[in-house]
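Participant: This structure is in structure tokens; I'll ask about it shortly.
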Amino acid sequence: MKNFDINQREIEQVQVLDISGELDAHTASKLEDSLKTLIDKKKNKIIVNCRNLEYIASAGLGVFMAYIEDVRGMGGDIKLTNMNDKVYNVFDLLGFPTLYDILDDEEEAIEQFNNSAQ
Amino acid sequence: MTIKAATGQLAAVREFIAKRAEEFGFNEKQISDIRLAVDEACTNIIKHAYDYDESKKVEIKTGYRNDRLWVSLSDTGEAFKPENYSKPDLRKQMKSRKRGGVGVYLIKKLMDEVEYSQEADVNVIRMYKNRS
């Protein structure tokens, strides 16, 4: 059975969460804990790199919905990157691309964060 | 298959339904759609019908007829009332930091037909996906 994992990195003051595996109602709490921890530490530039994310259900999407306003309220953002087509399709079905920054590459997201800081 | 109403069972449910859909000759995109729809239906039962009571059971049945797959999920919990359901407004939900309520919407989008029924104490959601 596949699991879900999160690895955290920091690049130029941007927090990057590499998420992998399957994000469903069972594993969503792991992502929630990670985001909460970052928000508690007032980290407001967050990238969630979905390169190794194989599956997402609405419980996973719900985590992003629950925290995006907090992060934007602190002047930052949660940017999502490197999704495969299958995962992107689920975000797209729910209209996420008009509300969230979904980018092809992590580098693009870091660039955007750096530009907005100037 | 019958599972206990626990989110830890979802991965096994997805594996089960994906295998069946593959056996019935669905393509990869269709299998993804079916897998997600069944996950969402099962999640809703665990959360809403049973309120995470792991002593409860969900029964999942599937079959294939006339180029069409059907999947049914049965529970004995709180009944879902589709008439009380409205399409989620994502922007509004974001602002109020709410989540959820999108599973039913996704199921409708992913499957060709969805029916809800109740007999005695049993609630059934039955969904269909056409192969072509």
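In the structure tokens, the first chain shown is A, the next is B, and so on; residue numbers restart at 1 for each chain, and ligands run from 1 in the order shown.
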Give me the residues near stretch 25-39 of chain B as a list of chain:residue names, where near means some atom within 8 Å (using only C-alpha atoms) and where sequence neighbours in that chain fewer than 5 positions away do not count.

Facilitator: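 Counting only C-alpha atoms, the residues come to A:Ala57, A:Lys86, B:Leu10, B:Val13, B:Arg14, B:Glu15, B:Ile17, B:Ala18, B:Val71, B:Gly103, B:Leu106, B:Ile107, B:Leu110, B:Met111, B:Lys129, B:Arg131.
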
Participant: Would you mind listing, as number ranges by chain, all residues of chain B that have at least one atom within 9 Å of chain A, where only C-alpha atoms are what counts?

Facilitator: B: 6-12, 15, 29, 32, 36-37, 39-40, 43, 88, 90-91, 93-103, 105-106, 109

Participant: Could you write those residues out with C-alpha atoms, as a PDB file, in the first residue's frame?

Facilitator:
ATOM      1  CA  ALA B   6     -11.876   4.146   8.605  1.00  0.00           C
ATOM      2  CA  THR B   7      -9.889   6.463   6.360  1.00  0.00           C
ATOM      3  CA  GLY B   8      -6.978   4.044   6.599  1.00  0.00           C
ATOM      4  CA  GLN B   9      -9.023   1.731   4.364  1.00  0.00           C
ATOM      5  CA  LEU B  10      -9.273   4.199   1.480  1.00  0.00           C
ATOM      6  CA  ALA B  11      -6.092   3.092  -0.261  1.00  0.00           C
ATOM      7  CA  ALA B  12      -7.359  -0.498  -0.353  1.00  0.00           C
ATOM      8  CA  GLU B  15      -6.865  -0.384  -5.375  1.00  0.00           C
ATOM      9  CA  LYS B  29      -8.142   8.410 -17.510  1.00  0.00           C
ATOM     10  CA  SER B  32      -8.548   7.619 -12.469  1.00  0.00           C
ATOM     11  CA  LEU B  36     -11.430   9.265  -7.249  1.00  0.00           C
ATOM     12  CA  ALA B  37     -15.245   9.172  -7.335  1.00  0.00           C
ATOM     13  CA  ASP B  39     -12.749   7.458  -2.787  1.00  0.00           C
ATOM     14  CA  GLU B  40     -14.881  10.610  -2.389  1.00  0.00           C
ATOM     15  CA  THR B  43     -14.778   9.361   2.496  1.00  0.00           C
ATOM     16  CA  PRO B  88     -19.516  24.666  -3.587  1.00  0.00           C
ATOM     17  CA  LEU B  90     -14.543  27.834  -3.681  1.00  0.00           C
ATOM     18  CA  ARG B  91     -13.733  31.510  -3.380  1.00  0.00           C
ATOM     19  CA  GLN B  93     -14.873  28.796   1.212  1.00  0.00           C
ATOM     20  CA  MET B  94     -11.307  30.004   0.953  1.00  0.00           C
ATOM     21  CA  LYS B  95     -12.194  33.315   2.556  1.00  0.00           C
ATOM     22  CA  SER B  96     -13.926  31.632   5.451  1.00  0.00           C
ATOM     23  CA  ARG B  97     -11.202  28.947   5.703  1.00  0.00           C
ATOM     24  CA  LYS B  98     -13.764  26.242   5.182  1.00  0.00           C
ATOM     25  CA  ARG B  99     -13.142  23.020   3.467  1.00  0.00           C
ATOM     26  CA  GLY B 100     -15.095  20.065   2.302  1.00  0.00           C
ATOM     27  CA  GLY B 101     -18.387  19.839   0.488  1.00  0.00           C
ATOM     28  CA  VAL B 102     -16.625  19.283  -2.783  1.00  0.00           C
ATOM     29  CA  GLY B 103     -16.703  15.496  -2.833  1.00  0.00           C
ATOM     30  CA  TYR B 105     -19.552  17.813  -6.749  1.00  0.00           C
ATOM     31  CA  LEU B 106     -16.525  15.825  -7.908  1.00  0.00           C
ATOM     32  CA  LYS B 109     -18.370  15.517 -12.571  1.00  0.00           C
TER      33      LYS B 109
END

Participant: In Å to one decimal, how far is atom CA of A:Val71 from atom CA of A:Leu35?

Facilitator: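 Those two atoms sit 9.5 Å apart.
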
Participant: Rank nothing, just name the residue among A:Thr37, A:Asn84, A:Asn7, A:Asn44 nearest to A:Ser20, using only C-alpha atoms.

Facilitator: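 Comparing A:Thr37, A:Asn84, A:Asn7, A:Asn44 against A:Ser20, the winner is A:Asn7.
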
Participant: Which residues are close to B:Ser117, i.e. within 12 Å by only C-alpha atoms, leaving aside same-chain residues fewer than 4 positions away? Reply as a list in words.

Facilitator: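 Counting only the stated atoms, we get Ser72, Leu73, Ser74, Asp75, Thr76, Ala79, Phe80, Lys81, Pro82, Asp121, Val122, Asn123, Val124, Ile125, Arg126 and Met127 of chain B.
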
Participant: Could you write those residues out with C-alpha atoms, as a compact mmCIF listing (two decimals), in the first residue's frame?

Facilitator:
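Produced file again_24.txt, reproduced below:
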# COMPACT_ATOMS: atom_id res chain seq x y z
CA SER B 72 -22.56 0.99 -5.15
CA LEU B 73 -21.58 1.93 -1.61
CA SER B 74 -23.92 1.09 1.24
CA ASP B 75 -23.96 2.34 4.80
CA THR B 76 -26.28 2.32 7.78
CA ALA B 79 -28.54 9.56 5.27
CA PHE B 80 -27.18 12.04 2.76
CA LYS B 81 -29.85 14.37 1.44
CA PRO B 82 -28.93 15.36 -2.09
CA ASP B 121 -31.79 1.60 7.45
CA VAL B 122 -29.50 1.27 4.49
CA ASN B 123 -28.32 4.21 2.41
CA VAL B 124 -26.98 3.46 -1.02
CA ILE B 125 -25.09 5.62 -3.45
CA ARG B 126 -24.89 4.05 -6.85
CA MET B 127 -22.82 5.52 -9.65

Participant: Please, which residues of chain B, numbered as in this document, come out helix (DSSP H, G or I) from DSSP, as a compact mmCIF listing (two decimals) with C-alpha atoms, in the first residue's frame?

Facilitator:
# COMPACT_ATOMS: atom_id res chain seq x y z
CA THR B 7 -9.89 6.46 6.36
CA GLY B 8 -6.98 4.04 6.60
CA GLN B 9 -9.02 1.73 4.36
CA LEU B 10 -9.27 4.20 1.48
CA ALA B 11 -6.09 3.09 -0.26
CA ALA B 12 -7.36 -0.50 -0.35
CA VAL B 13 -10.72 0.67 -1.71
CA ARG B 14 -9.00 2.60 -4.48
CA GLU B 15 -6.87 -0.38 -5.37
CA PHE B 16 -9.92 -2.65 -5.47
CA ILE B 17 -11.99 -0.40 -7.72
CA ALA B 18 -9.11 0.44 -10.05
CA LYS B 19 -8.46 -3.24 -10.59
CA ARG B 20 -12.10 -3.89 -11.41
CA ALA B 21 -12.29 -0.93 -13.80
CA GLU B 22 -9.17 -2.16 -15.55
CA GLU B 23 -10.64 -5.64 -15.92
CA GLU B 28 -6.30 5.08 -17.71
CA LYS B 29 -8.14 8.41 -17.51
CA GLN B 30 -11.45 6.66 -16.87
CA ILE B 31 -9.88 4.48 -14.19
CA SER B 32 -8.55 7.62 -12.47
CA ASP B 33 -12.01 9.19 -12.57
CA ILE B 34 -13.69 6.10 -11.12
CA ARG B 35 -11.03 5.68 -8.43
CA LEU B 36 -11.43 9.27 -7.25
CA ALA B 37 -15.24 9.17 -7.33
CA VAL B 38 -15.32 6.01 -5.21
CA ASP B 39 -12.75 7.46 -2.79
CA GLU B 40 -14.88 10.61 -2.39
CA ALA B 41 -18.07 8.61 -1.83
CA CYS B 42 -16.37 6.39 0.74
CA THR B 43 -14.78 9.36 2.50
CA ASN B 44 -18.17 11.07 2.74
CA ILE B 45 -19.69 7.99 4.35
CA ILE B 46 -16.86 7.68 6.87
CA LYS B 47 -16.99 11.38 7.74
CA HIS B 48 -20.63 12.31 7.45
CA ALA B 49 -22.76 9.18 7.66
CA PRO B 82 -28.93 15.36 -2.09
CA GLU B 83 -31.69 18.00 -2.15
CA ASN B 84 -29.83 19.93 0.55
CA LEU B 90 -14.54 27.83 -3.68
CA ARG B 91 -13.73 31.51 -3.38
CA LYS B 92 -16.16 31.93 -0.51
CA GLN B 93 -14.87 28.80 1.21
CA MET B 94 -11.31 30.00 0.95
CA LYS B 95 -12.19 33.32 2.56
CA GLY B 103 -16.70 15.50 -2.83
CA VAL B 104 -20.28 15.27 -4.05
CA TYR B 105 -19.55 17.81 -6.75
CA LEU B 106 -16.52 15.83 -7.91
CA ILE B 107 -18.46 12.56 -8.01
CA LYS B 108 -21.06 14.16 -10.28
CA LYS B 109 -18.37 15.52 -12.57
CA LEU B 110 -16.39 12.30 -12.74

Participant: By how many Å are atom CA of B:Lys4 and atom CA of B:Glu54 apart?

Facilitator: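 About the pair atom CA of B:Lys4 and atom CA of B:Glu54: they are 5.9 Å apart.
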
Participant: Considering only strand (DSSP E or B) as DSSP defines it on the backbone, what residues of chain A qualify? List them as a ChimeraX atom specification.

Facilitator: /A:4-11,14-23,45-56,77-81,101-103

Participant: Work out how far atom CA of A:Lys42 is from atom CA of A:Pro97, in Å to one decimal.

Facilitator: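 Computing the Euclidean distance for atom CA of A:Pro97 and atom CA of A:Lys42 yields 25.1 Å.
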
Participant: What lies within 12 Å of A:Ser116 using only C-alpha atoms, ignoring chain neighbours under 5 positions off, as a ChimeraX atom specification?

Facilitator: /A:45,75-77,109-111

Participant: Dump N, CA, C and O atoms for the selected residues as a PDB file, in the first residue's frame?

Facilitator:
ATOM      1  N   LYS A  45       6.187  32.237   2.811  1.00  0.00           N
ATOM      2  CA  LYS A  45       6.492  31.899   1.412  1.00  0.00           C
ATOM      3  C   LYS A  45       6.629  30.382   1.330  1.00  0.00           C
ATOM      4  O   LYS A  45       7.646  29.819   1.746  1.00  0.00           O
ATOM      5  N   GLY A  75       0.898  38.250   4.035  1.00  0.00           N
ATOM      6  CA  GLY A  75       1.637  38.840   2.917  1.00  0.00           C
ATOM      7  C   GLY A  75       2.373  37.819   2.065  1.00  0.00           C
ATOM      8  O   GLY A  75       3.212  38.177   1.233  1.00  0.00           O
ATOM      9  N   GLY A  76       2.079  36.547   2.256  1.00  0.00           N
ATOM     10  CA  GLY A  76       2.777  35.521   1.481  1.00  0.00           C
ATOM     11  C   GLY A  76       1.832  34.754   0.565  1.00  0.00           C
ATOM     12  O   GLY A  76       0.783  35.261   0.178  1.00  0.00           O
ATOM     13  N   ASP A  77       2.235  33.539   0.242  1.00  0.00           N
ATOM     14  CA  ASP A  77       1.405  32.721  -0.640  1.00  0.00           C
ATOM     15  C   ASP A  77       1.806  31.248  -0.500  1.00  0.00           C
ATOM     16  O   ASP A  77       2.903  30.945  -0.014  1.00  0.00           O
ATOM     17  N   ALA A 109       8.412  29.470  -9.214  1.00  0.00           N
ATOM     18  CA  ALA A 109       7.749  29.913  -7.988  1.00  0.00           C
ATOM     19  C   ALA A 109       8.720  30.694  -7.104  1.00  0.00           C
ATOM     20  O   ALA A 109       8.371  31.728  -6.545  1.00  0.00           O
ATOM     21  N   ILE A 110       9.963  30.209  -7.012  1.00  0.00           N
ATOM     22  CA  ILE A 110      10.973  30.902  -6.206  1.00  0.00           C
ATOM     23  C   ILE A 110      11.254  32.281  -6.798  1.00  0.00           C
ATOM     24  O   ILE A 110      11.327  33.283  -6.083  1.00  0.00           O
ATOM     25  N   GLU A 111      11.346  32.316  -8.119  1.00  0.00           N
ATOM     26  CA  GLU A 111      11.555  33.592  -8.810  1.00  0.00           C
ATOM     27  C   GLU A 111      10.435  34.573  -8.487  1.00  0.00           C
ATOM     28  O   GLU A 111      10.682  35.746  -8.201  1.00  0.00           O
TER      29      GLU A 111
END

Participant: Restricting the calculation to only C-alpha atoms: of A:Ser29, A:Gln8, A:Asn49, A:Gln13, which residue gets closest to A:Ile102?

Facilitator: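 Smallest distance to A:Ile102 is found for A:Asn49.
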